[in-house]
$ cat target15.cif   # mmCIF, C-alpha atoms and all ligand atoms
data_data
loop_
_atom_site.label_atom_id
_atom_site.label_comp_id
_atom_site.auth_asym_id
_atom_site.auth_seq_id
_atom_site.Cartn_x
_atom_site.Cartn_y
_atom_site.Cartn_z
CA MET R 299 0.00 0.00 0.00
CA SER R 300 1.38 3.37 -0.94
CA LEU R 301 1.99 5.84 1.88
CA GLU R 302 0.82 8.65 -0.40
CA HIS R 303 -2.69 7.55 -1.07
CA ALA R 304 -5.33 8.72 1.42
CA CYS R 305 -7.34 5.69 2.36
CA ALA R 306 -8.33 6.13 5.96
CA ARG R 307 -10.50 8.89 7.36
CA VAL R 308 -10.02 10.43 10.78
CA VAL R 309 -13.32 11.79 12.01
CA LEU R 310 -13.32 14.62 14.54
CA LYS R 311 -15.64 14.90 17.51
CA PRO R 312 -18.44 17.45 17.09
CA LYS R 313 -17.27 21.05 17.69
CA ARG R 314 -13.60 20.08 17.55
CA ALA R 315 -12.82 21.12 13.97
CA ARG R 316 -12.26 24.83 14.48
CA PRO R 317 -8.49 24.75 15.18
CA PHE R 318 -7.95 22.73 11.99
CA PHE R 319 -10.05 25.06 9.86
CA GLY R 320 -7.65 27.58 11.42
CA ARG R 321 -4.77 25.46 10.02
CA HIS R 322 -3.37 24.20 13.30
CA PRO R 323 -1.31 21.18 12.21
CA TRP R 324 -1.58 18.86 15.25
CA VAL R 325 -4.60 16.63 15.76
CA LEU R 326 -4.50 15.19 19.26
CA ASP R 327 -6.06 11.91 20.22
CA SER R 328 -8.59 13.74 22.41
CA ALA R 329 -10.18 15.49 19.38
CA ILE R 330 -10.80 12.28 17.46
CA LEU R 331 -14.18 10.56 17.42
CA ARG R 332 -13.19 7.54 15.33
CA VAL R 333 -10.96 6.33 12.55
CA ASP R 334 -12.53 4.77 9.46
CA GLY R 335 -9.99 2.31 8.10
CA GLU R 336 -6.72 1.04 9.51
CA PRO R 337 -3.98 3.48 8.57
CA ALA R 338 -0.39 2.33 8.98
CA ASP R 339 1.87 4.67 10.94
CA GLY R 340 3.10 7.28 8.48
CA ALA R 341 0.18 6.80 6.06
CA VAL R 342 -1.89 9.60 4.56
CA VAL R 343 -5.27 10.22 6.18
CA ASP R 344 -8.08 12.65 5.52
CA LEU R 345 -9.45 14.61 8.44
CA THR R 346 -13.19 15.26 8.41
CA THR R 347 -15.80 16.81 10.65
CA HIS R 348 -18.16 14.43 12.47
CA ASP R 349 -20.63 14.89 9.62
CA GLY R 350 -18.15 14.08 6.90
CA LEU R 351 -16.92 17.48 5.68
CA PHE R 352 -13.25 17.47 4.49
CA VAL R 353 -11.02 19.55 6.79
CA ALA R 354 -7.43 18.68 5.97
CA ARG R 355 -4.99 15.97 4.90
CA GLY R 356 -2.22 14.65 7.07
CA LEU R 357 -0.04 11.76 8.20
CA TRP R 358 -1.04 9.24 10.85
CA ASN R 359 0.94 8.04 13.87
CA ALA R 360 -0.86 5.83 16.39
CA ALA R 361 2.20 5.87 18.67
CA SER R 362 2.08 9.64 19.25
CA LYS R 363 -0.34 11.84 21.17
CA ILE R 364 -0.29 13.94 18.01
CA ARG R 365 -2.20 11.30 16.06
CA VAL R 366 -2.25 13.28 12.81
CA ARG R 367 0.07 15.96 11.52
CA LEU R 368 -1.59 18.08 8.85
CA TYR R 369 0.20 19.18 5.72
CA ALA R 370 -2.62 20.32 3.36
CA PHE R 371 -5.89 22.08 3.93
CA ASP R 372 -7.56 21.53 0.58
CA ALA R 373 -8.81 18.26 -0.83
CA ALA R 374 -6.96 18.70 -4.14
CA THR R 375 -3.44 18.64 -2.63
CA ARG R 376 -1.77 15.25 -2.48
CA LEU R 377 0.94 14.54 0.08
CA ASP R 378 3.47 13.34 -2.46
CA ALA R 379 7.00 14.12 -3.64
CA SER R 380 5.89 17.18 -5.59
CA LEU R 381 4.35 18.71 -2.46
CA TRP R 382 7.50 18.04 -0.39
CA ARG R 383 9.59 19.49 -3.20
CA SER R 384 7.59 22.69 -3.39
CA ARG R 385 7.63 23.12 0.40
CA LEU R 386 11.41 22.58 0.53
CA GLU R 387 11.97 24.93 -2.39
CA ALA R 388 9.85 27.60 -0.72
CA ALA R 389 11.84 27.20 2.50
CA VAL R 390 15.17 27.50 0.67
CA ALA R 391 13.89 30.53 -1.29
CA LEU R 392 12.98 32.30 1.97
CA ARG R 393 16.54 31.95 3.28
CA ARG R 394 17.86 33.32 -0.02
CA LEU R 395 15.55 36.30 0.42
CA LEU R 396 16.91 36.77 3.95
CA GLY R 397 20.46 36.86 2.56
CA LEU R 398 21.38 33.64 4.36
CA ASP R 399 22.37 31.61 1.31
CA ASP R 400 26.11 32.37 1.50
CA ARG R 401 27.87 28.98 1.35
CA GLY R 402 30.39 30.13 3.93
CA GLY R 403 27.65 30.71 6.49
CA ALA R 404 25.05 28.72 8.37
CA CYS R 405 21.29 28.95 8.64
CA ARG R 406 18.18 26.98 9.45
CA LEU R 407 16.82 25.93 6.06
CA VAL R 408 13.65 24.22 7.25
CA ASN R 409 11.89 25.07 10.52
CA SER R 410 9.19 22.45 10.96
CA GLU R 411 5.68 23.98 11.28
CA GLY R 412 7.10 27.42 10.42
CA ASP R 413 7.78 26.09 6.91
CA ASP R 414 4.65 23.90 6.71
CA LEU R 415 6.80 20.80 7.22
CA SER R 416 5.77 19.70 10.70
CA GLY R 417 8.45 17.45 12.21
CA LEU R 418 11.35 18.37 9.91
CA ILE R 419 14.30 20.55 10.80
CA VAL R 420 17.20 21.14 8.43
CA ASP R 421 20.21 23.27 9.28
CA ARG R 422 22.85 24.16 6.72
CA TYR R 423 26.44 24.56 7.90
CA GLY R 424 28.52 25.64 4.93
CA ASP R 425 28.29 22.77 2.46
CA TRP R 426 26.71 20.29 4.89
CA LEU R 427 23.16 19.71 6.00
CA ALA R 428 22.15 18.47 9.44
CA VAL R 429 18.65 16.99 9.51
CA GLN R 430 16.55 16.46 12.63
CA VAL R 431 13.31 14.57 12.42
CA THR R 432 10.82 15.02 15.24
CA ALA R 433 7.84 13.20 13.72
CA LEU R 434 7.36 9.72 12.41
CA ALA R 435 5.54 11.26 9.45
CA MET R 436 8.83 12.76 8.27
CA ALA R 437 10.96 9.81 9.44
CA SER R 438 9.04 7.45 7.20
CA ARG R 439 9.84 9.73 4.24
CA LEU R 440 13.44 10.42 5.18
CA GLU R 441 14.98 8.92 2.04
CA GLU R 442 12.62 10.84 -0.22
CA LEU R 443 13.21 14.10 1.66
CA CYS R 444 16.99 13.65 1.53
CA ASP R 445 16.84 12.97 -2.22
CA LEU R 446 14.93 16.22 -2.64
CA LEU R 447 17.31 18.17 -0.39
CA ASP R 448 20.23 16.70 -2.32
CA SER R 449 18.81 17.90 -5.61
CA ILE R 450 17.69 21.34 -4.37
CA VAL R 451 20.72 22.29 -2.23
CA ALA R 452 23.49 20.03 -3.60
CA PRO R 453 25.33 19.73 -0.27
CA ARG R 454 28.55 17.74 0.22
CA GLY R 455 26.80 15.60 2.78
CA ILE R 456 23.60 15.19 4.77
CA LEU R 457 23.84 14.06 8.39
CA LEU R 458 20.95 12.83 10.46
CA ARG R 459 21.05 14.11 14.05
CA GLY R 460 18.89 12.55 16.74
CA ALA R 461 16.12 14.80 18.04
CA GLU R 462 15.83 15.57 21.74
CA ARG R 463 15.42 12.28 23.54
CA GLY R 464 12.05 13.24 25.06
CA LEU R 465 10.63 14.19 21.68
CA SER R 466 11.75 10.97 19.97
CA LYS R 467 10.09 8.95 22.71
CA LEU R 468 6.81 10.82 22.29
CA GLU R 469 6.77 9.91 18.62
CA GLY R 470 8.01 6.36 19.01
CA LEU R 471 11.10 7.20 16.93
CA HIS R 472 14.48 5.48 17.10
CA LEU R 473 16.82 7.24 14.74
CA PRO R 474 20.51 6.93 15.51
CA ASP R 475 22.84 9.65 14.19
CA ARG R 476 24.17 8.71 10.77
CA LEU R 477 25.44 9.99 7.46
CA VAL R 478 22.52 9.84 5.01
CA ARG R 479 24.04 11.27 1.83
CA GLY R 480 27.50 12.22 0.52
CA SER R 481 30.47 12.48 2.85
CA ALA R 482 30.89 13.61 6.45
CA PRO R 483 33.24 16.52 7.19
CA ASP R 484 36.59 15.24 8.53
CA GLY R 485 36.65 17.76 11.38
CA PRO R 486 34.76 20.85 12.44
CA VAL R 487 32.95 22.80 9.72
CA PHE R 488 33.99 26.45 9.79
CA VAL R 489 31.28 29.01 9.14
CA THR R 490 31.03 32.79 9.32
CA GLU R 491 28.26 34.50 11.27
CA HIS R 492 28.12 38.30 11.02
CA GLY R 493 31.85 38.35 10.28
CA LEU R 494 32.83 36.00 13.14
CA ARG R 495 34.27 32.54 12.51
CA PHE R 496 32.95 29.47 14.30
CA GLY R 497 34.11 25.88 14.15
CA ILE R 498 31.08 23.61 14.34
CA ASP R 499 31.09 19.99 15.37
CA LEU R 500 28.33 18.40 13.31
CA THR R 501 28.52 14.96 14.86
CA GLU R 502 28.97 15.68 18.56
CA GLY R 503 27.71 19.22 19.12
CA GLN R 504 24.53 20.25 20.94
CA LYS R 505 21.37 20.71 18.87
CA THR R 506 22.60 20.22 15.31
CA GLY R 507 25.94 21.81 16.29
CA PHE R 508 25.21 25.49 16.90
CA TYR R 509 22.52 27.81 18.25
CA LEU R 510 21.54 29.47 14.99
CA ASP R 511 18.42 30.99 16.55
CA GLN R 512 20.60 33.42 18.55
CA ARG R 513 22.44 34.84 15.52
CA ASP R 514 20.87 38.31 15.62
CA ASN R 515 20.45 38.42 19.40
CA ARG R 516 24.23 38.11 19.76
CA GLN R 517 24.62 41.20 17.59
CA ALA R 518 21.91 43.02 19.55
CA ALA R 519 23.72 42.21 22.81
CA ALA R 520 27.05 43.33 21.32
CA ARG R 521 25.60 46.76 20.55
CA HIS R 522 25.29 47.37 24.30
CA ALA R 523 28.65 45.88 25.30
CA ARG R 524 31.15 48.64 24.57
CA GLY R 525 33.66 49.11 27.38
CA ARG R 526 31.76 46.80 29.72
CA ARG R 527 32.94 43.78 31.70
CA VAL R 528 30.69 41.01 30.36
CA LEU R 529 29.62 37.71 31.93
CA ASP R 530 28.37 35.21 29.33
CA MET R 531 26.66 32.52 31.39
CA PHE R 532 25.73 29.28 29.55
CA CYS R 533 28.14 30.25 26.77
CA TYR R 534 28.19 26.95 24.77
CA SER R 535 30.56 27.61 21.87
CA GLY R 536 30.96 31.30 22.72
CA GLY R 537 28.47 33.00 20.40
CA PHE R 538 27.54 35.89 22.69
CA SER R 539 31.10 36.18 24.05
CA LEU R 540 32.62 36.61 20.61
CA ALA R 541 30.06 39.12 19.43
CA CYS R 542 30.50 41.19 22.61
CA ALA R 543 34.31 40.96 22.64
CA VAL R 544 35.05 41.49 18.95
CA GLN R 545 32.18 43.54 17.61
CA GLY R 546 30.90 45.06 20.82
CA GLN R 547 34.37 46.06 22.06
CA ALA R 548 33.64 44.86 25.57
CA ALA R 549 36.43 45.50 28.06
CA SER R 550 36.57 41.80 28.89
CA VAL R 551 34.35 38.72 28.77
CA LEU R 552 34.05 35.83 31.20
CA ALA R 553 32.40 32.88 29.42
CA VAL R 554 31.04 30.04 31.57
CA ASP R 555 29.43 26.69 30.77
CA SER R 556 29.15 23.48 32.79
CA SER R 557 30.06 21.29 29.83
CA SER R 558 33.78 20.90 29.19
CA LYS R 559 33.04 20.05 25.57
CA ALA R 560 31.26 23.40 25.27
CA THR R 561 34.05 25.37 26.92
CA ALA R 562 36.61 23.66 24.67
CA LEU R 563 34.63 24.88 21.67
CA ALA R 564 34.33 28.38 23.15
CA LYS R 565 38.11 28.53 23.72
CA ALA R 566 38.83 27.33 20.20
CA ASN R 567 36.43 29.87 18.72
CA ALA R 568 37.92 32.71 20.80
CA GLU R 569 41.37 31.79 19.47
CA LEU R 570 40.08 31.45 15.92
CA ASN R 571 38.92 35.07 16.08
CA GLY R 572 41.93 36.39 17.99
CA ALA R 573 39.66 37.48 20.85
CA ALA R 574 42.20 37.79 23.65
CA THR R 575 39.80 39.50 26.08
CA ILE R 576 37.71 36.35 26.54
CA THR R 577 38.35 34.05 29.51
CA VAL R 578 36.56 30.69 29.46
CA GLU R 579 35.67 28.66 32.53
CA THR R 580 33.93 25.33 33.10
CA ALA R 581 31.50 25.66 36.02
CA ASP R 582 27.91 25.22 37.10
CA ALA R 583 25.97 28.43 36.55
CA PHE R 584 24.15 28.51 39.89
CA LYS R 585 27.34 27.87 41.84
CA LYS R 586 29.40 30.31 39.79
CA LEU R 587 26.83 33.11 40.05
CA ASP R 588 26.71 32.60 43.82
CA ALA R 589 30.50 32.55 44.08
CA LEU R 590 30.87 35.72 42.02
CA LYS R 591 28.34 37.47 44.22
CA VAL R 592 30.03 36.36 47.42
CA ALA R 593 33.38 37.54 46.02
CA GLY R 594 31.86 40.97 45.37
CA GLU R 595 32.49 40.81 41.62
CA ARG R 596 30.57 43.21 39.38
CA PHE R 597 29.80 43.25 35.67
CA GLY R 598 28.54 45.82 33.21
CA MET R 599 26.61 43.16 31.28
CA VAL R 600 25.34 39.69 32.09
CA VAL R 601 24.08 37.32 29.41
CA LEU R 602 21.97 34.36 30.58
CA ASP R 603 21.11 31.73 27.99
CA PRO R 604 20.19 28.60 29.97
CA PRO R 605 18.96 25.32 28.53
CA LYS R 606 15.24 24.61 28.53
CA PHE R 607 14.21 24.72 32.19
CA ALA R 608 10.56 23.87 31.46
CA ARG R 609 10.20 20.69 29.45
CA SER R 610 6.43 20.80 29.80
CA ARG R 611 3.70 22.90 31.31
CA ALA R 612 3.75 20.54 34.31
CA SER R 613 7.28 21.57 35.25
CA LEU R 614 6.52 25.25 34.71
CA GLU R 615 6.45 26.36 38.32
CA GLU R 616 9.80 24.80 39.09
CA ALA R 617 11.22 26.30 35.92
CA MET R 618 9.98 29.78 36.82
CA ARG R 619 11.71 29.49 40.18
CA ALA R 620 14.98 28.57 38.43
CA TYR R 621 14.61 31.50 36.02
CA HIS R 622 13.92 33.79 38.94
CA ARG R 623 16.96 32.55 40.80
CA ILE R 624 19.52 33.00 38.02
CA ASN R 625 18.06 36.32 36.94
CA ARG R 626 18.10 37.60 40.51
CA LEU R 627 21.74 36.57 40.85
CA ALA R 628 22.57 38.21 37.52
CA VAL R 629 20.89 41.47 38.55
CA ASP R 630 22.81 41.42 41.85
CA LEU R 631 26.05 41.19 39.86
CA LEU R 632 25.25 44.16 37.65
CA ASP R 633 26.74 47.62 38.10
CA PRO R 634 24.24 50.49 38.21
CA ASN R 635 22.82 50.89 34.69
CA GLY R 636 24.19 47.50 33.74
CA ILE R 637 22.71 45.47 30.90
CA LEU R 638 20.92 42.18 31.39
CA VAL R 639 20.52 39.97 28.32
CA THR R 640 18.24 37.21 29.50
CA ASN R 641 16.94 34.34 27.41
CA SER R 642 14.47 31.51 27.69
CA CYS R 643 14.16 28.80 25.08
CA SER R 644 11.31 27.00 26.87
CA GLY R 645 8.25 27.01 24.63
CA ALA R 646 6.14 26.27 27.70
CA VAL R 647 7.10 29.66 29.18
CA ALA R 648 5.06 32.42 27.55
CA ARG R 649 6.70 35.76 26.92
CA ASP R 650 4.38 37.43 29.42
CA ASP R 651 5.26 34.88 32.10
CA PHE R 652 8.92 35.52 31.50
CA LEU R 653 8.38 39.28 31.79
CA MET R 654 6.36 38.74 34.99
CA MET R 655 9.28 36.76 36.38
CA LEU R 656 11.56 39.74 35.61
CA SER R 657 9.10 42.04 37.30
CA GLY R 658 9.39 39.82 40.38
CA VAL R 659 13.19 40.10 40.18
CA ALA R 660 12.92 43.90 40.03
CA GLN R 661 10.69 43.88 43.09
CA ARG R 662 12.86 41.55 45.15
CA SER R 663 16.15 43.21 44.22
CA GLY R 664 14.86 46.75 44.60
CA ARG R 665 16.33 47.60 41.17
CA SER R 666 14.24 48.90 38.30
CA LEU R 667 14.46 47.09 35.00
CA GLN R 668 13.97 49.04 31.79
CA LEU R 669 13.13 46.85 28.80
CA LEU R 670 15.23 47.96 25.85
CA GLU R 671 14.57 45.11 23.43
CA VAL R 672 12.16 42.18 23.46
CA ARG R 673 13.38 39.78 20.83
CA GLY R 674 12.82 36.28 19.48
CA ALA R 675 14.59 33.82 17.22
CA ALA R 676 16.23 34.95 13.96
CA ALA R 677 14.09 35.13 10.81
CA ASP R 678 15.32 31.80 9.46
CA HIS R 679 13.27 30.30 12.33
CA PRO R 680 9.86 31.43 11.06
CA VAL R 681 6.76 30.65 13.10
CA SER R 682 3.40 29.83 11.60
CA VAL R 683 0.72 32.04 13.08
CA SER R 684 -1.49 28.94 13.03
CA CYS R 685 0.96 27.10 15.30
CA LEU R 686 2.33 29.50 17.88
CA ASP R 687 3.78 26.49 19.73
CA GLY R 688 6.71 27.13 17.40
CA GLU R 689 7.51 30.39 19.16
CA TYR R 690 9.89 29.36 21.91
CA LEU R 691 12.81 31.78 22.19
CA LYS R 692 12.62 34.95 24.24
CA CYS R 693 15.58 37.31 24.41
CA ILE R 694 15.09 40.34 26.63
CA ILE R 695 17.63 43.13 26.81
CA ALA R 696 17.06 45.31 29.83
CA ARG R 697 18.91 48.07 31.63
CA VAL R 698 19.12 47.58 35.34
CA ALA R 699 19.22 50.86 37.27
N1 LIG R 701 24.55 30.95 24.55
C1 LIG R 701 24.87 29.80 23.74
C2 LIG R 701 23.85 28.71 23.83
C3 LIG R 701 23.60 28.18 25.22
S1 LIG R 701 22.77 26.66 25.27
C4 LIG R 701 25.09 30.24 22.30
O1 LIG R 701 24.86 31.41 21.98
O2 LIG R 701 25.49 29.41 21.49
C5 LIG R 701 22.78 26.27 26.95
C6 LIG R 701 24.11 25.88 27.53
O3 LIG R 701 23.95 25.73 28.94
C7 LIG R 701 24.68 24.56 27.05
O4 LIG R 701 25.92 24.79 26.46
C8 LIG R 701 24.84 23.70 28.32
O5 LIG R 701 26.05 22.95 28.35
C9 LIG R 701 24.87 24.76 29.38
N2 LIG R 701 24.41 24.35 30.71
C10 LIG R 701 23.42 23.51 31.05
N3 LIG R 701 23.27 23.45 32.38
C11 LIG R 701 24.19 24.27 32.92
C12 LIG R 701 24.54 24.66 34.24
N4 LIG R 701 23.88 24.20 35.32
N5 LIG R 701 25.53 25.53 34.42
C13 LIG R 701 26.21 26.03 33.35
N6 LIG R 701 25.93 25.71 32.08
C14 LIG R 701 24.93 24.84 31.86
#
$ encode --input "target15.cif" --output "structure tokens"
Amino acid sequence: MSLEHACARVVLKPKRARPFFGRHPWVLDSAILRVDGEPADGAVVDLTTHDGLFVARGLWNAASKIRVRLYAFDAATRLDASLWRSRLEAAVALRRLLGLDDRGGACRLVNSEGDDLSGLIVDRYGDWLAVQVTALAMASRLEELCDLLDSIVAPRGILLRGAERGLSKLEGLHLPDRLVRGSAPDGPVFVTEHGLRFGIDLTEGQKTGFYLDQRDNRQAAARHARGRRVLDMFCYSGGFSLACAVQGQAASVLAVDSSSKATALAKANAELNGAATITVETADAFKKLDALKVAGERFGMVVLDPPKFARSRASLEEAMRAYHRINRLAVDLLDPNGILVTNSCSGAVARDDFLMMLSGVAQRSGRSLQLLEVRGAAADHPVSVSCLDGEYLKCIIARVA
């Protein structure tokens, strides 16, 4: 049986069709009345209202709470190679429009729901592509998608990187890292971001190797860094540190991460750019922030870019406490009129909640916080207005009186 041909019908409960008429791409188990037919995981299904009206076409996965991912909202569109091709071409064309098609650079080429390709992430690092699949729908079409990417982008190689462990489990996916097409780079891939050089480890690095979403936020932070002593907490491979040191002309930068692999990358990248004012240290953020405070150290700018504290809405309260704690410590380390660059990449934390947390920090510390910039991910991480779940990154730049 072909995976392309819609044979089964997924019938929605009464009054549950509205989000899908609104083009939301995830159909949860709880919205489904019944399934007519026996779709295999990964097969095409049509979504209908309880009284049989066509709503959308998508791909089935009985193993996931997201039972159907929707890819077309009109009955005439087939979920076949020509649709995937046109979606991939549109995604690549957007990055060209954004000026991110330079082969010496890096960008996110495909951003899942933001590019109408729910479950597929493709990052380009120079001549290599790193693919992350977060849905069985896309995993079952991996070969086809890689053929298309090969023909549209002509990379030297395509590597498959495992998605976050939690996510893979939710989808019932077991995809070990592997080379899917072409050749693997024989060391780090060097790319240029806003004039800075970064070596990127495509096989071992975090995410697909680099935090591309922070590209423009690093520049925004750097614009406030001149002459300041900067603390870059959770530095990973040194993105904020380098922008602040080299472009921002910070007086000095202390870059800290708990992972020694990360700090090794940050050191190498600092050397690569001749940034002698950066000092890199391997330490736990909470302990280091405490220690700096106790030692009476002060900074003109603190950057906080922690990993996802809230993995789900259930762990939200605990996460908010952790955000409060590091932000409070950061504020305590800031000179009068210092700059706080504080980030959250937890999708479960809404921007307003994050701002409320900062308001709590202002109250407790007795310092006033002036919001200078409220930012999100770079434009190569587009978000579909029909699926705001894709909006996860918050980057707030505030002046602390
Ligand atoms: N600012 C970085 C991205 C940071 S990602 C950039 O621009 O590229 C989050 C980082 O936090 C990871 O590198 C991870 O190793 C680090 N991390 C996680 N827990 C930590 C902790 N308790 N203390 C310090 N660093 C931590």
$ residues_around --input "target15.cif" --residues "range 690-698 of chain R" --least-positions-apart "3" --cutoff "6 Å" --atoms "only C-alpha atoms" --output "ChimeraX atom specification"
/R:635-645,666-675
$ atom_distance --input "target15.cif" --atom1 "CA of Val429 in chain R" --atom2 "CA of Gly507 in chain R"
11.1 Å
$ closest_atom_pairs --input "target15.cif" --of "chain R" --to "ligand LIG 701 (chain R)" --cutoff "6 Å" --atoms "all atoms listed in the file" --output "JSON lines"
{"residue": "R:Tyr509", "atom": "CA", "partner": "R:LIG701", "partner_atom": "O2", "distance": 4.7}
{"residue": "R:Gln512", "atom": "CA", "partner": "R:LIG701", "partner_atom": "O1", "distance": 5.8}
{"residue": "R:Phe532", "atom": "CA", "partner": "R:LIG701", "partner_atom": "O3", "distance": 4.0}
{"residue": "R:Cys533", "atom": "CA", "partner": "R:LIG701", "partner_atom": "N1", "distance": 4.3}
{"residue": "R:Tyr534", "atom": "CA", "partner": "R:LIG701", "partner_atom": "O4", "distance": 3.6}
{"residue": "R:Ser535", "atom": "CA", "partner": "R:LIG701", "partner_atom": "O2", "distance": 5.4}
{"residue": "R:Gly536", "atom": "CA", "partner": "R:LIG701", "partner_atom": "O2", "distance": 5.9}
{"residue": "R:Gly537", "atom": "CA", "partner": "R:LIG701", "partner_atom": "O1", "distance": 4.2}
{"residue": "R:Phe538", "atom": "CA", "partner": "R:LIG701", "partner_atom": "O1", "distance": 5.3}
{"residue": "R:Asp555", "atom": "CA", "partner": "R:LIG701", "partner_atom": "N6", "distance": 3.9}
{"residue": "R:Ser556", "atom": "CA", "partner": "R:LIG701", "partner_atom": "C13", "distance": 3.9}
{"residue": "R:Ser557", "atom": "CA", "partner": "R:LIG701", "partner_atom": "O5", "distance": 4.6}
{"residue": "R:Ala560", "atom": "CA", "partner": "R:LIG701", "partner_atom": "O4", "distance": 5.6}
{"residue": "R:Ala581", "atom": "CA", "partner": "R:LIG701", "partner_atom": "C13", "distance": 5.9}
{"residue": "R:Asp582", "atom": "CA", "partner": "R:LIG701", "partner_atom": "N5", "distance": 3.6}
{"residue": "R:Ala583", "atom": "CA", "partner": "R:LIG701", "partner_atom": "N5", "distance": 3.6}
{"residue": "R:Asp603", "atom": "CA", "partner": "R:LIG701", "partner_atom": "N1", "distance": 4.9}
{"residue": "R:Pro604", "atom": "CA", "partner": "R:LIG701", "partner_atom": "C5", "distance": 4.6}
{"residue": "R:Pro605", "atom": "CA", "partner": "R:LIG701", "partner_atom": "C5", "distance": 4.2}
$ residues_near_point --input "target15.cif" --point "(12.0, 16.9, 25.8)" --cutoff "10 Å" --atoms "only C-alpha atoms" --output "PDB file with C-alpha atoms, in the frame of the given file"
ATOM      1  CA  ALA R 461      16.120  14.800  18.040  1.00  0.00           C
ATOM      2  CA  GLU R 462      15.830  15.570  21.740  1.00  0.00           C
ATOM      3  CA  ARG R 463      15.420  12.280  23.540  1.00  0.00           C
ATOM      4  CA  GLY R 464      12.050  13.240  25.060  1.00  0.00           C
ATOM      5  CA  LEU R 465      10.630  14.190  21.680  1.00  0.00           C
ATOM      6  CA  SER R 466      11.750  10.970  19.970  1.00  0.00           C
ATOM      7  CA  LYS R 467      10.090   8.950  22.710  1.00  0.00           C
ATOM      8  CA  LEU R 468       6.810  10.820  22.290  1.00  0.00           C
ATOM      9  CA  LYS R 606      15.240  24.610  28.530  1.00  0.00           C
ATOM     10  CA  ALA R 608      10.560  23.870  31.460  1.00  0.00           C
ATOM     11  CA  ARG R 609      10.200  20.690  29.450  1.00  0.00           C
ATOM     12  CA  SER R 610       6.430  20.800  29.800  1.00  0.00           C
TER      13      SER R 610
END
$ closest_residue --input "target15.cif" --among "R:Ala306, R:Val420, R:Lys363, R:Ala566" --to "Ser328 in chain R" --atoms "all atoms listed in the file"
R:Lys363
$ closest_residue --input "target15.cif" --among "R:Trp426, R:Tyr369, R:Phe488, R:Trp324" --to "Asn571 in chain R" --atoms "all atoms listed in the file"
R:Phe488
$ residues_around --input "target15.cif" --residues "range 380-382 of chain R" --least-positions-apart "2" --cutoff "10 Å" --atoms "all atoms listed in the file" --output "VMD selection string"
chain R and resid 369 to 370 375 to 378 384 to 388 414 to 415 439 442 to 443 446 to 447
$ atom_distance --input "target15.cif" --atom1 "CA of His322 in chain R" --atom2 "CA of Asn515 in chain R"
28.4 Å
$ residues_around --input "target15.cif" --residues "range 492-498 of chain R" --least-positions-apart "2" --cutoff "7 Å" --atoms "all atoms listed in the file" --output "VMD selection string"
chain R and resid 486 to 490 500 507 to 508 567 570 to 571
$ atom_distance --input "target15.cif" --atom1 "CA of Arg665 in chain R" --atom2 "CA of His622 in chain R"
14.2 Å
$ residues_near_point --input "target15.cif" --point "(21.7, 24.1, -4.3)" --cutoff "10 Å" --atoms "all atoms listed in the file" --output "count of residues only"
12
$ closest_residue --input "target15.cif" --among "R:Ala437, R:Leu310, R:Val683, R:Leu407" --to "Leu510 in chain R" --atoms "only C-alpha atoms"
R:Leu407
